[in-house]
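J.: Okay, handing you the structure first.
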Amino acid sequence: MLVPLMGALLLLSGAAVVACAVLIALLGRTRPRPAGRTLTAAAALLGCLAVAVYCGGWFSVSLGGPFPALCEDVNLSGAPLEGLRQEYWPLRNACLYADGSSVEHLPPSVNALVLGSAALAAATACAAVFTTRRARRTLVRAA
């Protein structure tokens with residue numbers, strides 16, 4: 001049940017990233033540039049990017065990918081393979097060996113990209129709200 005849901009989220013967020021990028025390009029051509037709308041579109045772009053990267057990583061973890069094939073039966077110190085560990089948050093694939101060592105196969109940069117884009121999306125959304133409210137106040141004062 002989760003695979004179709006995550007697949008749909010991946011497709012929708014990928015399409016939304018493209019749509020937001022086009023919208024930002026179109027908003028950049030208008031005069032005067034609407035800062036609040038541009039920041040809102042940028043927040044949506046970053047949020048959808050975070051969802052798309054997470055869904056891609058989720059598929060990497062859940063569908064296995066090359067992960068089990070990359071685990072060697074014995075590591076360099078001679079310890080046998082004890083098990084595999086897959087986590088969905090943070091996204092992680094690891095080969096666990098009897099001596100306590102592990103080898104991860106999903107780089108931490110994926111999690112950093114997800115968390116970084118989500119944090120930037122939240123900050124950009126706050127900035128969009130601030131600039132929109134500020135623009136409304138100046139319009140009310142001018143009228």
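By convention here, the chains of the structure tokens are called A, B, ... in the order presented, each chain's residues are numbered starting at 1, and ligands are numbered starting at 1 in the order presented.
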Quick one: residues within 12 Å of His105 of chain A, only C-alpha atoms, excluding same-chain residues fewer than 3 positions away - as a VMD selection string?
T.: chain A and resid 57 60 to 61 64 to 71 84 to 87 91 to 96 102 108 to 110
J.: Where in segment 21-109 of chain A does DSSP assign helix (DSSP H, G or I), given as number ranges by chain?
T.: A: 21-29, 35-62, 67-70, 108-109
J.: When you count only C-alpha atoms, which of these residues is closest to Gly56 of chain A: A:Gly14, A:Pro34, A:Pro80, A:Gly28?
T.: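 Smallest separation from Gly56 of chain A among the options: A:Gly14.
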J.: Skipping near chain neighbours, those fewer than 3 positions away, what residues fall within 8 Å of Cys48 of chain A using only C-alpha atoms, listed as a ChimeraX atom specification?
T.: /A:13-14,16-17,44-45,51-52
J.: If you take only C-alpha atoms and a cut-off of 9 Å, which residues of segment 22-69 of chain A touch segment 113-135 of chain A, and what are their nearest atom pairs and distances in Å to one decimal, in chain and number order, as CSV?
T.:
residue,atom,partner,partner_atom,distance
A:Ala35,CA,A:Thr131,CA,7.0
A:Gly36,CA,A:Ala128,CA,4.8
A:Arg37,CA,A:Ala128,CA,7.2
A:Thr38,CA,A:Ala128,CA,8.0
A:Leu39,CA,A:Ala128,CA,5.1
A:Thr40,CA,A:Ala128,CA,5.5
A:Ala41,CA,A:Ala125,CA,8.9
A:Ala42,CA,A:Thr124,CA,7.0
A:Ala43,CA,A:Ala121,CA,4.4
A:Ala44,CA,A:Ala121,CA,6.9
A:Leu45,CA,A:Ala121,CA,7.7
A:Leu46,CA,A:Ala121,CA,5.0
A:Gly47,CA,A:Ala121,CA,5.3
A:Cys48,CA,A:Ala118,CA,8.7
A:Leu49,CA,A:Ser117,CA,6.9
A:Ala50,CA,A:Val114,CA,4.7
A:Val51,CA,A:Val114,CA,7.4
A:Ala52,CA,A:Val114,CA,8.7
A:Val53,CA,A:Val114,CA,6.2
A:Tyr54,CA,A:Val114,CA,6.2
J.: Write out the residues from the selection above, keeping N, CA and C atoms, as a compact mmCIF listing (two decimals), in the first residue's frame.
T.:
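Contents of the output file result_30.txt:
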# COMPACT_ATOMS: atom_id res chain seq x y z
N ALA A 35 7.41 40.27 -4.44
CA ALA A 35 8.33 39.53 -3.56
C ALA A 35 7.62 38.43 -2.78
N GLY A 36 6.44 38.72 -2.28
CA GLY A 36 5.70 37.73 -1.50
C GLY A 36 5.33 36.50 -2.32
N ARG A 37 4.88 36.74 -3.54
CA ARG A 37 4.50 35.61 -4.40
C ARG A 37 5.73 34.81 -4.84
N THR A 38 6.80 35.50 -5.12
CA THR A 38 8.03 34.80 -5.51
C THR A 38 8.56 33.96 -4.36
N LEU A 39 8.54 34.50 -3.14
CA LEU A 39 8.99 33.73 -1.99
C LEU A 39 8.06 32.55 -1.70
N THR A 40 6.76 32.73 -1.92
CA THR A 40 5.82 31.63 -1.73
C THR A 40 6.10 30.52 -2.73
N ALA A 41 6.34 30.87 -3.97
CA ALA A 41 6.66 29.86 -4.99
C ALA A 41 7.99 29.18 -4.67
N ALA A 42 8.96 29.94 -4.16
CA ALA A 42 10.25 29.35 -3.78
C ALA A 42 10.09 28.38 -2.61
N ALA A 43 9.23 28.74 -1.64
CA ALA A 43 8.96 27.84 -0.52
C ALA A 43 8.30 26.55 -1.00
N ALA A 44 7.36 26.68 -1.93
CA ALA A 44 6.72 25.49 -2.48
C ALA A 44 7.72 24.64 -3.25
N LEU A 45 8.60 25.29 -4.00
CA LEU A 45 9.63 24.57 -4.75
C LEU A 45 10.53 23.78 -3.80
N LEU A 46 11.01 24.42 -2.74
CA LEU A 46 11.90 23.75 -1.80
C LEU A 46 11.19 22.63 -1.04
N GLY A 47 9.95 22.86 -0.67
CA GLY A 47 9.18 21.82 0.02
C GLY A 47 8.94 20.61 -0.87
N CYS A 48 8.58 20.86 -2.11
CA CYS A 48 8.35 19.74 -3.05
C CYS A 48 9.66 19.02 -3.37
N LEU A 49 10.76 19.77 -3.41
CA LEU A 49 12.06 19.15 -3.62
C LEU A 49 12.41 18.22 -2.46
N ALA A 50 12.13 18.65 -1.24
CA ALA A 50 12.39 17.80 -0.07
C ALA A 50 11.56 16.52 -0.14
N VAL A 51 10.30 16.64 -0.54
CA VAL A 51 9.43 15.46 -0.66
C VAL A 51 9.95 14.53 -1.75
N ALA A 52 10.35 15.09 -2.89
CA ALA A 52 10.83 14.27 -4.00
C ALA A 52 12.11 13.52 -3.62
N VAL A 53 13.03 14.19 -2.95
CA VAL A 53 14.28 13.53 -2.56
C VAL A 53 14.01 12.45 -1.52
N TYR A 54 13.12 12.74 -0.56
CA TYR A 54 12.79 11.73 0.45
C TYR A 54 12.13 10.51 -0.19
J.: According to DSSP computed on the backbone, where in segment 1-129 of chain A is there strand (DSSP E)? Give the residues as a list of chain:residue names.
T.: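 Listing strand (DSSP E) positions across segment 1-129 of chain A yields A:Leu81, A:Glu82, A:Gly83, A:Leu84, A:Arg85, A:Gln86, A:Glu87, A:Tyr88, A:Leu91, A:Arg92, A:Asn93, A:Ala94, A:Cys95, A:Leu96, A:Tyr97, A:Ser102, A:Val103, A:Glu104.
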J.: Between A:Pro90, A:Trp58, A:Val3, A:Gly100, which one has atoms that come closest to Asn75 of chain A, using only C-alpha atoms?
T.: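 Among A:Pro90, A:Trp58, A:Val3, A:Gly100, it is A:Gly100 that comes nearest to Asn75 of chain A.
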J.: Identify which of the residues A:Ala79, A:Leu2, A:Ile24, A:Leu63 lies closest to Tyr97 of chain A, counting only C-alpha atoms when measuring atom-to-atom distances.
T.: A:Ala79
J.: One decimal, in Å: what's the spacing between atom CA of Glu82 of chain A and atom CA of Ala98 of chain A?
T.: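 Taking atom CA of Glu82 of chain A as the start and atom CA of Ala98 of chain A as the end point, the length is 5.4 Å.
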J.: One decimal, in Å: what's the spacing between atom CA of Asn111 of chain A and atom CA of Ala19 of chain A?
T.: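 The value is 24.0 Å.
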J.: Measuring between only C-alpha atoms, which one of A:Asp99, A:Leu76, A:Cys55, A:Ala112 shows the shortest distance to Pro4 of chain A?
T.: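 Answer, going by the shortest atom-to-atom distance: A:Cys55.
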J.: Can you measure atom CA of Phe59 of chain A to atom CA of Met6 of chain A for me? One decimal in Å is fine.
T.: 8.0 Å
